[in-house]
Amino acid sequence: AQLTHLHPVTQMILFGAMVMVFEQGVYNPHLQQYIRSSGAPSPFYSMFNSMYWCMTTMTTVGYGDYFPENGLGYITGIMAAVRFPSGSR
């Protein structure tokens, strides 16, 4: 099945899961949070936060409060933005 035929909620779950896996970082038990390779805390620490990012990207709102920092995260963001342009469906 093509991504264009998936329900928007299904796409949000799919892209949200992808960005969470690719951008989560390494868990630091002392800080009790995920840390990115840049040393900053990852905003993609839960599925809810990852789906929020995906929703704002898919609808082209893109607040800029969450953003990917590595290659696979960039690719996921591009796929989410291009796959579901604002006004579709």
# chains A, B, ... in the order shown; residues from 1 in each chain; ligands from 1
>>> select_by_dssp(residues="chain A", states="strand (DSSP E or B)", output="VMD selection string")
chain A and resid 26 to 28 33 to 35 41
>>> write_last_selection(atoms="N, CA and C atoms", output="PDB file, in the first residue's frame")
ATOM      1  N   VAL A  26      20.359   8.734  23.714  1.00  0.00           N
ATOM      2  CA  VAL A  26      20.786   7.743  24.705  1.00  0.00           C
ATOM      3  C   VAL A  26      20.217   8.137  26.065  1.00  0.00           C
ATOM      4  N   TYR A  27      19.669   7.160  26.769  1.00  0.00           N
ATOM      5  CA  TYR A  27      19.079   7.451  28.071  1.00  0.00           C
ATOM      6  C   TYR A  27      20.169   7.676  29.115  1.00  0.00           C
ATOM      7  N   ASN A  28      20.059   8.768  29.860  1.00  0.00           N
ATOM      8  CA  ASN A  28      20.973   9.081  30.950  1.00  0.00           C
ATOM      9  C   ASN A  28      20.218   8.866  32.259  1.00  0.00           C
ATOM     10  N   GLN A  33      16.566  11.322  31.510  1.00  0.00           N
ATOM     11  CA  GLN A  33      16.060  11.779  30.223  1.00  0.00           C
ATOM     12  C   GLN A  33      16.964  11.284  29.103  1.00  0.00           C
ATOM     13  N   TYR A  34      16.439  11.353  27.890  1.00  0.00           N
ATOM     14  CA  TYR A  34      17.209  10.964  26.712  1.00  0.00           C
ATOM     15  C   TYR A  34      18.044  12.148  26.249  1.00  0.00           C
ATOM     16  N   ILE A  35      19.304  11.885  25.911  1.00  0.00           N
ATOM     17  CA  ILE A  35      20.232  12.930  25.492  1.00  0.00           C
ATOM     18  C   ILE A  35      20.638  12.681  24.035  1.00  0.00           C
ATOM     19  N   PRO A  41      18.872  17.642  25.639  1.00  0.00           N
ATOM     20  CA  PRO A  41      17.810  16.659  25.897  1.00  0.00           C
ATOM     21  C   PRO A  41      16.943  16.481  24.648  1.00  0.00           C
TER      22      PRO A  41
END
>>> residues_around(residues="Met55 of chain A", least_positions_apart="2", cutoff="10 Å", atoms="only C-alpha atoms", output="ChimeraX atom specification")
/A:8-9,11-13,15-16,49-53,57-62,80-81,84
>>> write_last_selection(atoms="N, CA, C and O atoms", output="mmCIF file, in the first residue's frame")
data_model
loop_
_atom_site.group_PDB
_atom_site.id
_atom_site.type_symbol
_atom_site.label_atom_id
_atom_site.label_comp_id
_atom_site.auth_asym_id
_atom_site.auth_seq_id
_atom_site.Cartn_x
_atom_site.Cartn_y
_atom_site.Cartn_z
ATOM 1 N N PRO A 8 -4.703 9.534 7.828
ATOM 2 C CA PRO A 8 -3.757 10.500 8.423
ATOM 3 C C PRO A 8 -3.310 10.140 9.852
ATOM 4 O O PRO A 8 -2.157 10.378 10.205
ATOM 5 N N VAL A 9 -4.189 9.563 10.650
ATOM 6 C CA VAL A 9 -3.791 9.164 12.009
ATOM 7 C C VAL A 9 -2.770 8.032 11.944
ATOM 8 O O VAL A 9 -1.798 8.016 12.694
ATOM 9 N N GLN A 11 -0.666 7.549 9.516
ATOM 10 C CA GLN A 11 0.583 8.186 9.084
ATOM 11 C C GLN A 11 1.262 8.888 10.253
ATOM 12 O O GLN A 11 2.484 8.827 10.398
ATOM 13 N N MET A 12 0.472 9.556 11.098
ATOM 14 C CA MET A 12 1.036 10.265 12.243
ATOM 15 C C MET A 12 1.688 9.276 13.211
ATOM 16 O O MET A 12 2.774 9.536 13.732
ATOM 17 N N ILE A 13 1.065 8.135 13.424
ATOM 18 C CA ILE A 13 1.641 7.104 14.290
ATOM 19 C C ILE A 13 2.921 6.557 13.667
ATOM 20 O O ILE A 13 3.942 6.410 14.336
ATOM 21 N N PHE A 15 5.044 7.928 11.278
ATOM 22 C CA PHE A 15 6.138 8.893 11.264
ATOM 23 C C PHE A 15 6.563 9.287 12.677
ATOM 24 O O PHE A 15 7.729 9.543 12.937
ATOM 25 N N GLY A 16 5.607 9.346 13.607
ATOM 26 C CA GLY A 16 5.945 9.631 14.999
ATOM 27 C C GLY A 16 6.844 8.558 15.591
ATOM 28 O O GLY A 16 7.825 8.858 16.272
ATOM 29 N N ASN A 49 4.775 13.072 22.299
ATOM 30 C CA ASN A 49 5.567 14.204 21.812
ATOM 31 C C ASN A 49 5.984 14.009 20.358
ATOM 32 O O ASN A 49 6.010 14.969 19.588
ATOM 33 N N SER A 50 6.306 12.789 19.988
ATOM 34 C CA SER A 50 6.703 12.504 18.611
ATOM 35 C C SER A 50 5.521 12.682 17.658
ATOM 36 O O SER A 50 5.686 13.205 16.550
ATOM 37 N N MET A 51 4.329 12.272 18.089
ATOM 38 C CA MET A 51 3.146 12.452 17.251
ATOM 39 C C MET A 51 2.777 13.936 17.144
ATOM 40 O O MET A 51 2.309 14.388 16.105
ATOM 41 N N TYR A 52 2.998 14.709 18.201
ATOM 42 C CA TYR A 52 2.769 16.160 18.149
ATOM 43 C C TYR A 52 3.668 16.783 17.081
ATOM 44 O O TYR A 52 3.220 17.572 16.256
ATOM 45 N N TRP A 53 4.960 16.420 17.098
ATOM 46 C CA TRP A 53 5.880 16.924 16.082
ATOM 47 C C TRP A 53 5.389 16.541 14.696
ATOM 48 O O TRP A 53 5.394 17.360 13.767
ATOM 49 N N THR A 57 4.269 18.961 11.578
ATOM 50 C CA THR A 57 5.024 18.851 10.323
ATOM 51 C C THR A 57 4.100 18.499 9.168
ATOM 52 O O THR A 57 4.179 19.096 8.094
ATOM 53 N N MET A 58 3.200 17.535 9.382
ATOM 54 C CA MET A 58 2.297 17.100 8.316
ATOM 55 C C MET A 58 1.334 18.203 7.891
ATOM 56 O O MET A 58 0.941 18.275 6.735
ATOM 57 N N THR A 59 0.954 19.062 8.802
ATOM 58 C CA THR A 59 0.023 20.136 8.469
ATOM 59 C C THR A 59 0.751 21.426 8.082
ATOM 60 O O THR A 59 0.119 22.452 7.892
ATOM 61 N N THR A 60 2.047 21.378 7.979
ATOM 62 C CA THR A 60 2.943 22.477 7.612
ATOM 63 C C THR A 60 2.885 23.651 8.577
ATOM 64 O O THR A 60 3.279 24.753 8.231
ATOM 65 N N VAL A 61 2.398 23.435 9.801
ATOM 66 C CA VAL A 61 2.435 24.485 10.817
ATOM 67 C C VAL A 61 3.876 24.676 11.266
ATOM 68 O O VAL A 61 4.392 25.784 11.284
ATOM 69 N N GLY A 62 4.536 23.576 11.648
ATOM 70 C CA GLY A 62 5.951 23.576 11.983
ATOM 71 C C GLY A 62 6.377 24.647 12.963
ATOM 72 O O GLY A 62 7.106 25.563 12.622
ATOM 73 N N ALA A 80 7.354 13.155 6.064
ATOM 74 C CA ALA A 80 6.102 13.578 6.693
ATOM 75 C C ALA A 80 5.587 14.867 6.065
ATOM 76 O O ALA A 80 4.395 15.001 5.802
ATOM 77 N N ALA A 81 6.469 15.813 5.810
ATOM 78 C CA ALA A 81 6.044 17.100 5.246
ATOM 79 C C ALA A 81 5.579 16.970 3.800
ATOM 80 O O ALA A 81 4.570 17.551 3.407
ATOM 81 N N PHE A 84 2.081 14.552 3.250
ATOM 82 C CA PHE A 84 0.752 15.004 3.640
ATOM 83 C C PHE A 84 0.696 16.531 3.659
ATOM 84 O O PHE A 84 0.661 17.141 4.713
#
>>> residues_around(residues="Gly77 of chain A", least_positions_apart="6", cutoff="8 Å", atoms="only C-alpha atoms", output="list in words")
Val19, Cys54, Thr57 and Pro68 of chain A
>>> atom_distance(atom1="atom CA of Ser37 of chain A", atom2="atom CA of Gly73 of chain A")
12.7 Å
>>> atom_distance(atom1="atom CA of Val21 of chain A", atom2="atom CA of Phe67 of chain A")
13.6 Å
>>> atom_distance(atom1="atom CA of Arg36 of chain A", atom2="atom CA of Leu14 of chain A")
21.3 Å
>>> select_by_dssp(residues="segment 24-87 of chain A", states="alpha helix (DSSP H)", output="list in words")
Met47, Phe48, Asn49, Ser50, Met51, Tyr52, Trp53, Cys54, Met55, Thr56, Thr57, Met58, Gly71, Leu72, Gly73, Tyr74, Ile75, Thr76, Gly77, Ile78, Met79, Ala80, Ala81, Val82 and Arg83 of chain A
>>> residues_around(residues="Gly71 of chain A", least_positions_apart="5", cutoff="10 Å", atoms="only C-alpha atoms", output="JSON, numbers by chain")
{"A": [22, 23, 76, 77]}
